[in-house]
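**Q** Below you'll find coords02.txt; it's compact mmCIF, C-alpha atoms.
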```txt
# COMPACT_ATOMS: atom_id res chain seq x y z
CA MET A 331 -14.54 114.74 -77.76
CA THR A 332 -12.52 114.32 -74.56
CA ALA A 333 -9.49 116.53 -73.91
CA PRO A 334 -6.12 114.88 -74.56
CA SER A 335 -4.36 113.50 -71.51
CA LEU A 336 -1.06 114.92 -70.31
CA LEU A 337 0.80 111.94 -71.80
CA GLN A 338 -0.86 112.58 -75.13
CA ARG A 339 0.09 116.25 -74.98
CA LEU A 340 3.66 115.32 -74.05
CA ALA A 341 3.65 112.70 -76.83
CA VAL A 342 5.26 110.09 -74.57
CA GLN A 343 4.41 106.48 -73.87
CA HIS A 344 5.24 106.33 -70.18
CA PRO A 345 4.23 108.71 -67.32
CA ILE A 346 7.86 109.40 -66.36
CA ILE A 347 9.85 112.61 -66.69
CA GLN A 348 13.59 112.65 -66.02
CA ALA A 349 14.32 115.74 -63.95
CA PRO A 350 16.40 118.48 -65.62
CA MET A 351 19.36 118.42 -63.23
CA VAL A 352 21.88 121.10 -64.16
CA GLY A 353 25.34 119.64 -63.76
CA VAL A 354 24.11 116.04 -63.99
CA SER A 355 21.65 115.75 -66.87
CA THR A 356 23.13 115.66 -70.36
CA PRO A 357 21.83 115.47 -73.93
CA GLU A 358 22.86 111.81 -73.86
CA LEU A 359 20.76 111.14 -70.75
CA ALA A 360 17.75 113.09 -72.02
CA ALA A 361 17.87 111.37 -75.40
CA ALA A 362 18.14 107.90 -73.86
CA VAL A 363 15.15 108.54 -71.63
CA SER A 364 13.07 109.96 -74.47
CA ASN A 365 14.03 107.13 -76.80
CA ALA A 366 12.81 104.72 -74.11
CA GLY A 367 9.32 106.24 -74.24
CA ALA A 368 9.53 108.66 -71.28
CA LEU A 369 10.36 112.38 -71.32
CA GLY A 370 14.03 113.30 -71.05
CA SER A 371 15.12 116.75 -69.88
CA ILE A 372 18.07 119.09 -70.16
CA GLY A 373 18.68 122.03 -67.84
CA LEU A 374 19.55 125.40 -69.36
CA GLY A 375 19.55 127.34 -66.10
CA ALA A 376 23.34 127.71 -66.24
CA SER A 377 23.48 128.32 -70.00
CA THR A 378 23.47 131.27 -72.34
CA ALA A 379 21.03 131.32 -75.23
CA GLU A 380 23.85 130.27 -77.56
CA LEU A 381 24.87 127.31 -75.41
CA GLY A 382 21.22 126.39 -74.93
CA ARG A 383 20.79 126.16 -78.70
CA VAL A 384 23.83 123.88 -78.91
CA LEU A 385 22.47 121.59 -76.19
CA ILE A 386 19.07 121.40 -77.89
CA HIS A 387 20.74 120.53 -81.19
CA ARG A 388 22.90 117.87 -79.53
CA THR A 389 19.84 116.28 -77.96
CA ARG A 390 17.99 116.32 -81.28
CA GLN A 391 20.92 114.59 -82.96
CA LEU A 392 20.47 111.72 -80.50
CA SER A 393 16.68 111.52 -80.46
CA GLU A 394 13.72 112.43 -82.60
CA ARG A 395 11.44 112.14 -79.57
CA PRO A 396 10.12 115.06 -77.47
CA PHE A 397 12.22 116.32 -74.57
CA ASN A 398 11.98 119.02 -71.91
CA VAL A 399 14.10 122.17 -71.61
CA ASN A 400 14.27 123.74 -68.13
CA LEU A 401 14.89 127.40 -67.17
CA PHE A 402 15.57 129.15 -63.85
CA CYS A 403 13.21 132.03 -63.04
CA HIS A 404 14.73 133.42 -59.85
CA ALA A 405 14.66 137.12 -59.02
CA PRO A 406 17.88 138.67 -60.35
CA ALA A 407 20.44 139.41 -57.64
CA ARG A 408 20.18 142.77 -55.88
CA PHE A 409 23.89 142.74 -54.96
CA ASP A 410 23.34 143.45 -51.27
CA GLU A 411 26.91 144.51 -50.50
CA ALA A 412 26.70 144.15 -46.71
CA ARG A 413 25.15 140.69 -46.92
CA ASN A 414 27.57 139.45 -49.55
CA ASN A 415 30.65 140.84 -47.78
CA ALA A 416 29.57 139.24 -44.51
CA TRP A 417 29.29 135.89 -46.26
CA LEU A 418 32.71 136.21 -47.86
CA ALA A 419 34.20 137.08 -44.47
CA HIS A 420 32.57 133.95 -43.05
CA LEU A 421 34.13 131.81 -45.80
CA THR A 422 37.57 133.39 -45.63
CA PRO A 423 39.02 130.91 -43.06
CA LEU A 424 37.97 128.01 -45.29
CA PHE A 425 39.71 129.53 -48.30
CA GLU A 426 42.80 130.18 -46.19
CA GLU A 427 42.80 126.57 -44.99
CA PHE A 428 43.49 125.56 -48.58
CA GLY A 429 45.97 128.32 -49.29
CA GLY A 430 43.68 130.72 -51.11
CA GLU A 431 41.48 133.78 -50.74
CA PRO A 432 37.78 134.28 -51.45
CA PRO A 433 36.72 136.17 -54.59
CA GLN A 434 36.97 139.92 -54.28
CA VAL A 435 33.70 140.34 -56.17
CA LEU A 436 30.84 137.85 -56.43
CA LYS A 437 29.41 137.30 -59.90
CA GLU A 438 25.86 136.50 -61.01
CA ILE A 439 26.92 133.28 -62.69
CA TYR A 440 23.39 132.28 -63.76
CA THR A 441 21.16 134.72 -65.64
CA SER A 442 17.49 134.37 -64.73
CA PHE A 443 15.19 133.55 -67.63
CA VAL A 444 12.90 136.40 -66.57
CA ALA A 445 15.71 138.82 -67.51
CA ASP A 446 16.91 136.99 -70.64
CA PRO A 447 14.86 137.86 -73.75
CA ALA A 448 17.59 136.30 -75.91
CA MET A 449 16.82 132.91 -74.33
CA LEU A 450 13.11 133.41 -75.03
CA GLN A 451 13.84 134.23 -78.66
CA MET A 452 16.04 131.15 -79.00
CA LEU A 453 13.26 128.93 -77.59
CA LEU A 454 10.71 130.45 -79.97
CA GLU A 455 13.04 129.68 -82.86
CA GLU A 456 14.00 126.16 -81.76
CA ARG A 457 10.56 125.17 -80.44
CA PRO A 458 11.43 122.31 -78.09
CA ALA A 459 8.39 120.18 -77.31
CA VAL A 460 8.35 121.12 -73.61
CA VAL A 461 9.72 124.05 -71.59
CA SER A 462 9.66 123.99 -67.79
CA PHE A 463 10.38 126.59 -65.13
CA HIS A 464 12.00 126.49 -61.68
CA PHE A 465 12.04 129.16 -58.90
CA GLY A 466 8.93 130.78 -60.36
CA ALA A 467 7.82 131.56 -63.89
CA PRO A 468 8.19 134.31 -66.48
CA GLN A 469 5.48 136.86 -67.15
CA ALA A 470 2.24 135.63 -68.64
CA ASP A 471 2.86 137.04 -72.12
CA TRP A 472 6.15 135.10 -72.40
CA ILE A 473 4.31 131.91 -71.48
CA ALA A 474 1.63 132.78 -74.04
CA GLN A 475 4.30 133.22 -76.72
CA LEU A 476 5.81 129.83 -75.93
CA LYS A 477 2.40 128.16 -76.04
CA ALA A 478 1.55 129.90 -79.31
CA ALA A 479 4.73 128.35 -80.73
CA GLY A 480 3.34 124.90 -79.89
CA ILE A 481 5.43 124.41 -76.74
CA LEU A 482 3.94 122.71 -73.68
CA THR A 483 4.83 124.58 -70.47
CA LEU A 484 5.46 123.13 -67.01
CA GLY A 485 5.99 125.04 -63.77
CA CYS A 486 7.36 123.80 -60.44
CA ALA A 487 5.40 124.53 -57.24
CA THR A 488 6.20 123.73 -53.62
CA SER A 489 2.89 125.06 -52.27
CA LEU A 490 -0.71 125.61 -53.30
CA ALA A 491 -0.13 129.37 -53.42
CA GLU A 492 2.73 128.97 -55.90
CA ALA A 493 0.68 126.55 -57.99
CA ARG A 494 -2.14 129.09 -58.21
CA ILE A 495 0.28 131.74 -59.45
CA LEU A 496 1.46 129.34 -62.15
CA ALA A 497 -2.12 128.57 -63.14
CA GLU A 498 -2.94 132.28 -63.39
CA ARG A 499 0.00 132.80 -65.74
CA GLY A 500 -1.23 130.08 -68.08
CA ILE A 501 1.06 127.14 -67.30
CA ASP A 502 -0.14 123.86 -68.87
CA ALA A 503 0.85 121.49 -66.04
CA ILE A 504 2.41 121.77 -62.59
CA VAL A 505 5.31 119.86 -61.09
CA ALA A 506 4.51 119.32 -57.39
CA GLN A 507 7.94 119.28 -55.73
CA GLY A 508 7.86 117.70 -52.29
CA ALA A 509 10.53 118.45 -49.70
CA GLU A 510 11.94 114.95 -50.32
CA ALA A 511 13.27 116.04 -53.73
CA GLY A 512 16.97 116.45 -54.40
CA GLY A 513 18.51 119.62 -55.72
CA HIS A 514 17.19 123.13 -55.39
CA ARG A 515 13.82 123.75 -53.84
CA GLY A 516 11.58 125.44 -56.37
CA VAL A 517 10.35 128.04 -53.88
CA PHE A 518 9.45 131.40 -55.39
CA ASP A 519 10.45 133.29 -52.20
CA ASP A 520 13.82 132.08 -50.93
CA ARG A 521 13.98 134.24 -47.80
CA PRO A 522 14.67 132.28 -44.59
CA GLY A 523 11.50 130.87 -43.06
CA GLN A 524 9.35 131.20 -46.18
CA ASP A 525 9.58 127.55 -47.30
CA SER A 526 6.94 125.37 -45.61
CA GLN A 527 8.79 122.25 -46.88
CA LEU A 528 5.59 120.30 -47.58
CA GLY A 529 6.12 116.61 -48.24
CA LEU A 530 4.99 115.24 -51.57
CA ILE A 531 1.85 113.47 -50.33
CA PRO A 532 0.10 116.51 -48.78
CA LEU A 533 1.32 118.79 -51.57
CA LEU A 534 0.12 116.43 -54.27
CA ARG A 535 -3.29 116.00 -52.66
CA LEU A 536 -3.68 119.77 -52.18
CA LEU A 537 -2.90 120.49 -55.81
CA ALA A 538 -4.88 117.57 -57.23
CA THR A 539 -8.02 118.54 -55.30
CA GLN A 540 -7.79 122.32 -55.61
CA LEU A 541 -6.61 122.85 -59.19
CA ASP A 542 -7.97 121.83 -62.58
CA LEU A 543 -4.55 121.22 -64.13
CA PRO A 544 -2.46 118.07 -64.62
CA ILE A 545 -0.07 117.52 -61.71
CA ILE A 546 3.37 115.89 -62.00
CA ALA A 547 4.62 114.39 -58.72
CA ALA A 548 8.29 114.92 -57.76
CA GLY A 549 10.23 114.10 -54.62
CA GLY A 550 11.68 110.82 -53.37
CA LEU A 551 10.17 108.67 -56.14
CA MET A 552 12.65 105.95 -57.05
CA ASP A 553 10.80 102.82 -58.22
CA GLY A 554 7.66 101.56 -59.88
CA ALA A 555 5.75 101.14 -56.62
CA SER A 556 6.25 104.82 -55.74
CA ILE A 557 5.18 105.81 -59.26
CA ALA A 558 1.97 103.79 -58.85
CA ALA A 559 1.30 105.43 -55.49
CA ALA A 560 1.75 108.93 -56.89
CA LEU A 561 -0.58 108.26 -59.81
CA LEU A 562 -3.15 106.77 -57.44
CA MET A 563 -3.05 109.99 -55.40
CA GLY A 564 -3.93 112.15 -58.38
CA ALA A 565 -0.73 112.74 -60.35
CA SER A 566 -0.88 112.53 -64.13
CA ALA A 567 2.85 111.74 -64.33
CA VAL A 568 5.95 111.66 -62.14
CA GLN A 569 9.35 113.33 -62.27
CA LEU A 570 12.43 111.45 -61.08
CA GLY A 571 15.88 112.96 -60.68
CA THR A 572 18.03 111.12 -58.16
CA ALA A 573 16.93 107.81 -59.71
CA PHE A 574 18.85 108.76 -62.88
CA ILE A 575 22.09 110.05 -61.32
CA LEU A 576 23.84 106.66 -61.44
CA CYS A 577 23.01 106.12 -65.11
CA PRO A 578 26.18 106.07 -67.23
CA GLU A 579 24.70 108.80 -69.45
CA SER A 580 24.65 111.32 -66.58
CA SER A 581 27.61 113.60 -65.92
CA ALA A 582 27.72 112.90 -62.17
CA THR A 583 31.28 112.69 -60.87
CA PRO A 584 32.75 109.40 -59.60
CA ALA A 585 32.78 110.89 -56.09
CA HIS A 586 29.06 111.77 -56.34
CA ARG A 587 28.21 108.29 -57.58
CA ALA A 588 30.21 106.63 -54.79
CA ALA A 589 28.64 108.85 -52.15
CA LEU A 590 25.12 107.93 -53.27
CA LEU A 591 25.95 104.26 -52.75
CA GLY A 592 27.55 104.83 -49.33
CA ALA A 593 26.46 105.96 -45.90
CA ARG A 594 26.12 109.61 -46.97
CA GLY A 595 23.25 108.66 -49.26
CA HIS A 596 21.13 107.95 -46.18
CA ASP A 597 21.53 111.48 -44.80
CA THR A 598 20.43 114.14 -47.29
CA ARG A 599 19.81 117.63 -45.93
CA ILE A 600 18.46 120.97 -47.13
CA THR A 601 20.81 123.94 -46.92
CA PRO A 602 21.02 127.49 -48.35
CA SER A 603 24.75 127.64 -47.66
CA ILE A 604 26.02 126.42 -51.01
CA SER A 605 24.10 128.49 -53.55
CA GLY A 606 22.13 131.00 -51.48
CA ARG A 607 18.89 129.10 -52.12
CA PRO A 608 17.68 126.03 -50.18
CA ALA A 609 18.70 122.78 -51.83
CA ARG A 610 18.79 119.13 -50.77
CA GLY A 611 21.91 117.06 -51.17
CA LEU A 612 24.65 115.07 -49.50
CA PRO A 613 26.06 117.19 -46.65
CA ASN A 614 29.51 118.67 -47.06
CA ARG A 615 31.44 121.08 -44.83
CA LEU A 616 29.24 124.03 -45.80
CA TYR A 617 25.93 122.37 -44.99
CA LEU A 618 25.13 122.79 -41.32
CA GLY A 619 27.03 126.00 -40.64
CA HIS A 620 23.91 128.11 -41.20
CA LEU A 621 22.41 126.53 -38.07
CA ALA A 622 25.22 127.75 -35.81
CA THR A 623 24.97 130.90 -33.72
CA GLY A 624 26.43 134.00 -35.31
CA VAL A 625 26.65 132.66 -38.87
CA PRO A 626 25.49 135.29 -41.39
CA VAL A 627 22.80 134.68 -43.96
CA ALA A 628 24.34 133.26 -47.12
CA ALA A 629 24.97 135.63 -50.00
CA GLU A 630 22.22 135.99 -52.56
CA TYR A 631 21.59 133.31 -55.17
CA PRO A 632 23.52 132.74 -57.36
CA LEU A 633 26.28 134.89 -55.85
CA ALA A 634 26.83 132.43 -52.99
CA TYR A 635 27.19 129.70 -55.60
CA ASP A 636 30.04 131.65 -57.20
CA ALA A 637 31.89 131.60 -53.87
CA ALA A 638 31.10 127.93 -53.20
CA LYS A 639 32.31 126.87 -56.63
CA ALA A 640 35.56 128.79 -56.11
CA LEU A 641 36.03 127.10 -52.72
CA HIS A 642 35.34 123.66 -54.17
CA ALA A 643 37.81 124.26 -57.02
CA LEU A 644 40.48 125.35 -54.54
CA ALA A 645 39.98 122.30 -52.32
CA ALA A 646 39.80 119.96 -55.32
CA ARG A 647 43.26 121.11 -56.41
CA LYS A 648 44.45 119.79 -53.04
CA GLY A 649 42.73 116.47 -53.69
CA ARG A 650 39.81 117.23 -51.35
CA ASN A 651 36.07 116.95 -52.04
CA ASP A 652 34.99 118.85 -48.91
CA PHE A 653 32.77 121.39 -50.67
CA ALA A 654 31.35 119.55 -53.70
CA ALA A 655 27.68 120.20 -54.42
CA GLU A 656 26.29 116.66 -54.66
CA TRP A 657 22.52 117.02 -54.92
CA ALA A 658 20.32 114.05 -54.03
CA GLY A 659 16.82 113.37 -52.72
CA GLN A 660 15.72 111.36 -49.72
CA GLY A 661 15.36 108.24 -51.86
CA ALA A 662 19.09 108.27 -52.69
CA PRO A 663 19.84 104.82 -51.15
CA LEU A 664 17.39 103.32 -53.67
CA ALA A 665 19.33 104.62 -56.70
CA ARG A 666 20.41 101.97 -59.19
CA ALA A 667 23.35 102.00 -61.59
CA MET A 668 22.01 100.98 -64.99
CA PRO A 669 21.65 102.53 -68.44
CA ALA A 670 18.81 105.03 -68.66
CA ALA A 671 16.78 102.95 -71.11
CA VAL A 672 17.08 99.90 -68.86
CA LEU A 673 16.04 101.99 -65.86
CA VAL A 674 12.94 103.28 -67.65
CA ALA A 675 11.98 99.73 -68.66
CA THR A 676 12.59 98.52 -65.09
CA LEU A 677 10.45 101.31 -63.63
CA ILE A 678 7.58 100.49 -65.99
CA GLU A 679 7.82 96.78 -65.21
CA GLU A 680 7.72 97.55 -61.47
CA TYR A 681 4.84 99.95 -62.00
CA GLY A 682 2.88 97.26 -63.80
CA ARG A 683 3.45 94.79 -60.99
CA ALA A 684 2.40 97.38 -58.39
CA ARG A 685 -0.86 98.00 -60.23
CA ALA A 686 -1.68 94.31 -60.63
```
Could you render the structure from this file as C-alpha cells?
**A**
Amino acid sequence: MTAPSLLQRLAVQHPIIQAPMVGVSTPELAAAVSNAGALGSIGLGASTAELGRVLIHRTRQLSERPFNVNLFCHAPARFDEARNNAWLAHLTPLFEEFGGEPPQVLKEIYTSFVADPAMLQMLLEERPAVVSFHFGAPQADWIAQLKAAGILTLGCATSLAEARILAERGIDAIVAQGAEAGGHRGVFDDRPGQDSQLGLIPLLRLLATQLDLPIIAAGGLMDGASIAAALLMGASAVQLGTAFILCPESSATPAHRAALLGARGHDTRITPSISGRPARGLPNRLYLGHLATGVPVAAEYPLAYDAAKALHALAARKGRNDFAAEWAGQGAPLARAMPAAVLVATLIEEYGRARA
C-alpha cells in the first residue's frame, strides 16, 4: 500500500494553503478557503490560549473542513536593557513629532509557543486538523503530543539547516519560505547577518532533493502558473499569503489594500525595524533607517513591535499612516480583489491551463 499524499493527509482537494497572516487572516477567510477545497489558516501567534480557542470555535462555526492553526516559536525576549533603551532613544524624535513620548517600558506583547504550555493544552483539547510553526519549532515531545492527538504538523524553514532541525523534531511537512514571501521571515536565528535570504527556487530544490518530507512552497506565488511551476520543482503544495490580502474576508485595512494596488506594491522590502525581526512589506518611515550610519540595532522581538505599534497608533490619531505595518510579498502587484472562494477557483483554473 502506498503512503498517503500530503493532500490526502491534509484532507483537502486542492494543493493550496492560505498563509496564516496575523492581523490579516480571519476565521471568515480561513473558512472560505477551506470550504473552497483548499486549506485555510488562522494565526494564533498574537493570541492567548483562551482567545485561540475562541478563534478555532469561530472558524468551526463557519466550516466543517480542515484548517491550519499557526504558532510563533521565537526565543522569548531577554530584555537587553541597553539595546532596548538605545532603540527607544532612536525613536523618541518620531514620537515627539506627533506630540507624544515613547513607552517607558517595552512589553513582550506576543508569548512564544515554546513558553506557553497552556496553548499546547488548548490545542490538544481542540485538536485542529493542522498546526504549523513559525520562527522555529517547539521541543520534540510537544510535537509528538500533537501528532498523537491526530494533528498534522507543519514547520517553516528558510534554509536547509532549519529544515533538517524540523525533520529531526518530527515535523510532518515543511514550508519552504523563499525571501520573496511577505510578512516575517521564518528564520530561527534573527541576529543581523544570519539570514541568507534564499529565493524560493533554490530553497525548494535544496529541500526537495535533500529531505524525504513533503515540501510546501511559499514566497511570491500569486497565480496558477506559479503554482504549477512550484509543483513541477518538487513541492507537494503551495502556500499563498499576499494573494489573499485583497479578499473581502481578510481584515486588511483600506490603506493596506490601496497601497497594494498602487506604486508601493512594486517596492516591497525586508526590514527588522518594525518588530525586531526581519519582515517583508510595503516600506514606511521606519523601514530603511537601519541601513543608515549610527542607527542602533532594533529592540528585541517582539519588544520593538510594542514600540512600533505605539508609534503607529500615535500617528494614526493625527490622521497619518506613516508607520503602519503593511506586510506584502514581491508578487504584491499581482494581487486580485475577489472573494476567497472565487480566488481559489481562479487559481485552480489557471493551474489547470498551465499544466495543459
**Q** Nearest to Leu561 (chain A): which of A:Leu496, A:Ala511, A:Ala470, A:Leu534 is it, counting only C-alpha atoms?
**A** A:Leu534
**Q** Write out, as JSON lines, each residue of region 577-609 of chain A that has an atom at most 10 Å from region 626-648 of chain A, together with the closest pair of atoms and their distance in Å to one decimal, counting only C-alpha atoms, rows going by chain and rising number.
**A**
```
{"residue": "A:Thr601", "atom": "CA", "partner": "A:Ala628", "partner_atom": "CA", "distance": 10.0}
{"residue": "A:Pro602", "atom": "CA", "partner": "A:Ala628", "partner_atom": "CA", "distance": 6.8}
{"residue": "A:Ser603", "atom": "CA", "partner": "A:Ala628", "partner_atom": "CA", "distance": 5.7}
{"residue": "A:Ile604", "atom": "CA", "partner": "A:Ala638", "partner_atom": "CA", "distance": 5.7}
{"residue": "A:Ser605", "atom": "CA", "partner": "A:Tyr635", "partner_atom": "CA", "distance": 3.9}
{"residue": "A:Gly606", "atom": "CA", "partner": "A:Tyr631", "partner_atom": "CA", "distance": 4.4}
{"residue": "A:Arg607", "atom": "CA", "partner": "A:Tyr631", "partner_atom": "CA", "distance": 5.9}
{"residue": "A:Pro608", "atom": "CA", "partner": "A:Tyr631", "partner_atom": "CA", "distance": 9.7}
```
**Q** Need the neighbours of (9.5, 128.0, -62.0): which residues are at most 12 Å away, counting all atoms listed in the file, as a PyMOL selection string?
**A** chain A and resi 375+400-405+442-444+461-469+473+483-488+492-493+495-497+499+501+503-507+514-519
**Q** Could you build a table of the residues in region 529-558 of chain A lying no more than 10 Å from region 338-348 of chain A, giving for each the nearest pair of atoms and their separation in Å rounded to one decimal place, using only C-alpha atoms, ordered by chain and ascending residue number, as CSV?
**A**
```
residue,atom,partner,partner_atom,distance
A:Ile546,CA,A:Ile347,CA,8.6
A:Ala547,CA,A:Ile346,CA,9.7
A:Ala548,CA,A:Ile347,CA,9.4
A:Ile557,CA,A:Ile346,CA,8.4
```
**Q** CA of Leu551 (chain A) to CA of Thr572 (chain A): how many Å, to one decimal?
**A** 8.5 Å
**Q** Rounded to one decimal in Å, what is the spacing between CA of Leu541 (chain A) and CA of Val363 (chain A)?
**A**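 According to the coordinates, CA of Leu541 (chain A) and CA of Val363 (chain A) are separated by 28.9 Å.
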**Q** Work out how far CA of Ile372 (chain A) is from CA of Gly550 (chain A), in Å to one decimal.
**A**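 Result for CA of Gly550 (chain A) versus CA of Ile372 (chain A): 19.8 Å, one decimal.
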**Q** Go through A:Asp520, A:Asp597, A:Glu510, A:Glu380 and flag the residue nearest Met449 (chain A), using all atoms listed in the file for the distances.
**A**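 Closest residue, counting all atoms listed in the file: A:Glu380.
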**Q** Of the residues A:Ala366, A:Met351, A:Ala658, A:Leu537, which is the one nearest to Ala609 (chain A), using all atoms listed in the file?
**A** A:Ala658
**Q** Please determine, counting all atoms listed in the file, which residue among A:Ile678, A:Leu436, A:Ile481, A:Leu590 has the shortest atom-to-atom distance to Pro663 (chain A).
**A**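 Result for the nearest residue to Pro663 (chain A): A:Leu590.
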**Q** Fewer than 3 positions away in the same chain doesn't count, so skip those; otherwise give me all residues within 9 Å of Thr356 (chain A), counting all atoms listed in the file, as an MDAnalysis selection string.
**A** chainID A and resid 350:353 359:361 371:373 385 389 579:581
**Q** Could I see region 583-597 of chain A restored to N, CA and C atoms, set down as a PDB file, keeping the file's coordinate frame?
**A**
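To be explicit, this is the file written out as rebuild_34.pdb:
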```pdb
ATOM      1  N   THR A 583      29.884 113.043 -61.081  1.00  0.00           N
ATOM      2  CA  THR A 583      31.280 112.690 -60.870  1.00  0.00           C
ATOM      3  C   THR A 583      31.399 111.317 -60.202  1.00  0.00           C
ATOM      4  N   PRO A 584      32.556 110.670 -60.318  1.00  0.00           N
ATOM      5  CA  PRO A 584      32.750 109.400 -59.600  1.00  0.00           C
ATOM      6  C   PRO A 584      32.539 109.540 -58.095  1.00  0.00           C
ATOM      7  N   ALA A 585      32.964 110.674 -57.521  1.00  0.00           N
ATOM      8  CA  ALA A 585      32.780 110.890 -56.090  1.00  0.00           C
ATOM      9  C   ALA A 585      31.294 110.973 -55.732  1.00  0.00           C
ATOM     10  N   HIS A 586      30.507 111.656 -56.560  1.00  0.00           N
ATOM     11  CA  HIS A 586      29.060 111.770 -56.340  1.00  0.00           C
ATOM     12  C   HIS A 586      28.404 110.400 -56.423  1.00  0.00           C
ATOM     13  N   ARG A 587      28.779 109.634 -57.407  1.00  0.00           N
ATOM     14  CA  ARG A 587      28.210 108.290 -57.580  1.00  0.00           C
ATOM     15  C   ARG A 587      28.553 107.405 -56.372  1.00  0.00           C
ATOM     16  N   ALA A 588      29.801 107.452 -55.931  1.00  0.00           N
ATOM     17  CA  ALA A 588      30.210 106.630 -54.790  1.00  0.00           C
ATOM     18  C   ALA A 588      29.487 107.053 -53.523  1.00  0.00           C
ATOM     19  N   ALA A 589      29.310 108.357 -53.351  1.00  0.00           N
ATOM     20  CA  ALA A 589      28.640 108.850 -52.150  1.00  0.00           C
ATOM     21  C   ALA A 589      27.183 108.395 -52.087  1.00  0.00           C
ATOM     22  N   LEU A 590      26.513 108.383 -53.240  1.00  0.00           N
ATOM     23  CA  LEU A 590      25.120 107.930 -53.270  1.00  0.00           C
ATOM     24  C   LEU A 590      24.995 106.493 -52.774  1.00  0.00           C
ATOM     25  N   LEU A 591      25.986 105.686 -53.095  1.00  0.00           N
ATOM     26  CA  LEU A 591      25.950 104.260 -52.750  1.00  0.00           C
ATOM     27  C   LEU A 591      26.462 103.986 -51.338  1.00  0.00           C
ATOM     28  N   GLY A 592      26.989 105.017 -50.664  1.00  0.00           N
ATOM     29  CA  GLY A 592      27.550 104.830 -49.330  1.00  0.00           C
ATOM     30  C   GLY A 592      26.653 105.371 -48.240  1.00  0.00           C
ATOM     31  N   ALA A 593      27.228 105.523 -47.067  1.00  0.00           N
ATOM     32  CA  ALA A 593      26.460 105.960 -45.900  1.00  0.00           C
ATOM     33  C   ALA A 593      25.894 107.371 -46.078  1.00  0.00           C
ATOM     34  N   ARG A 594      26.598 108.232 -46.802  1.00  0.00           N
ATOM     35  CA  ARG A 594      26.120 109.610 -46.970  1.00  0.00           C
ATOM     36  C   ARG A 594      24.790 109.667 -47.710  1.00  0.00           C
ATOM     37  N   GLY A 595      24.512 108.668 -48.536  1.00  0.00           N
ATOM     38  CA  GLY A 595      23.250 108.660 -49.260  1.00  0.00           C
ATOM     39  C   GLY A 595      22.033 108.544 -48.370  1.00  0.00           C
ATOM     40  N   HIS A 596      22.238 108.105 -47.120  1.00  0.00           N
ATOM     41  CA  HIS A 596      21.130 107.950 -46.180  1.00  0.00           C
ATOM     42  C   HIS A 596      20.877 109.223 -45.375  1.00  0.00           C
ATOM     43  N   ASP A 597      21.631 110.292 -45.644  1.00  0.00           N
ATOM     44  CA  ASP A 597      21.530 111.480 -44.800  1.00  0.00           C
ATOM     45  C   ASP A 597      21.528 112.748 -45.642  1.00  0.00           C
TER      46      ASP A 597
END
```
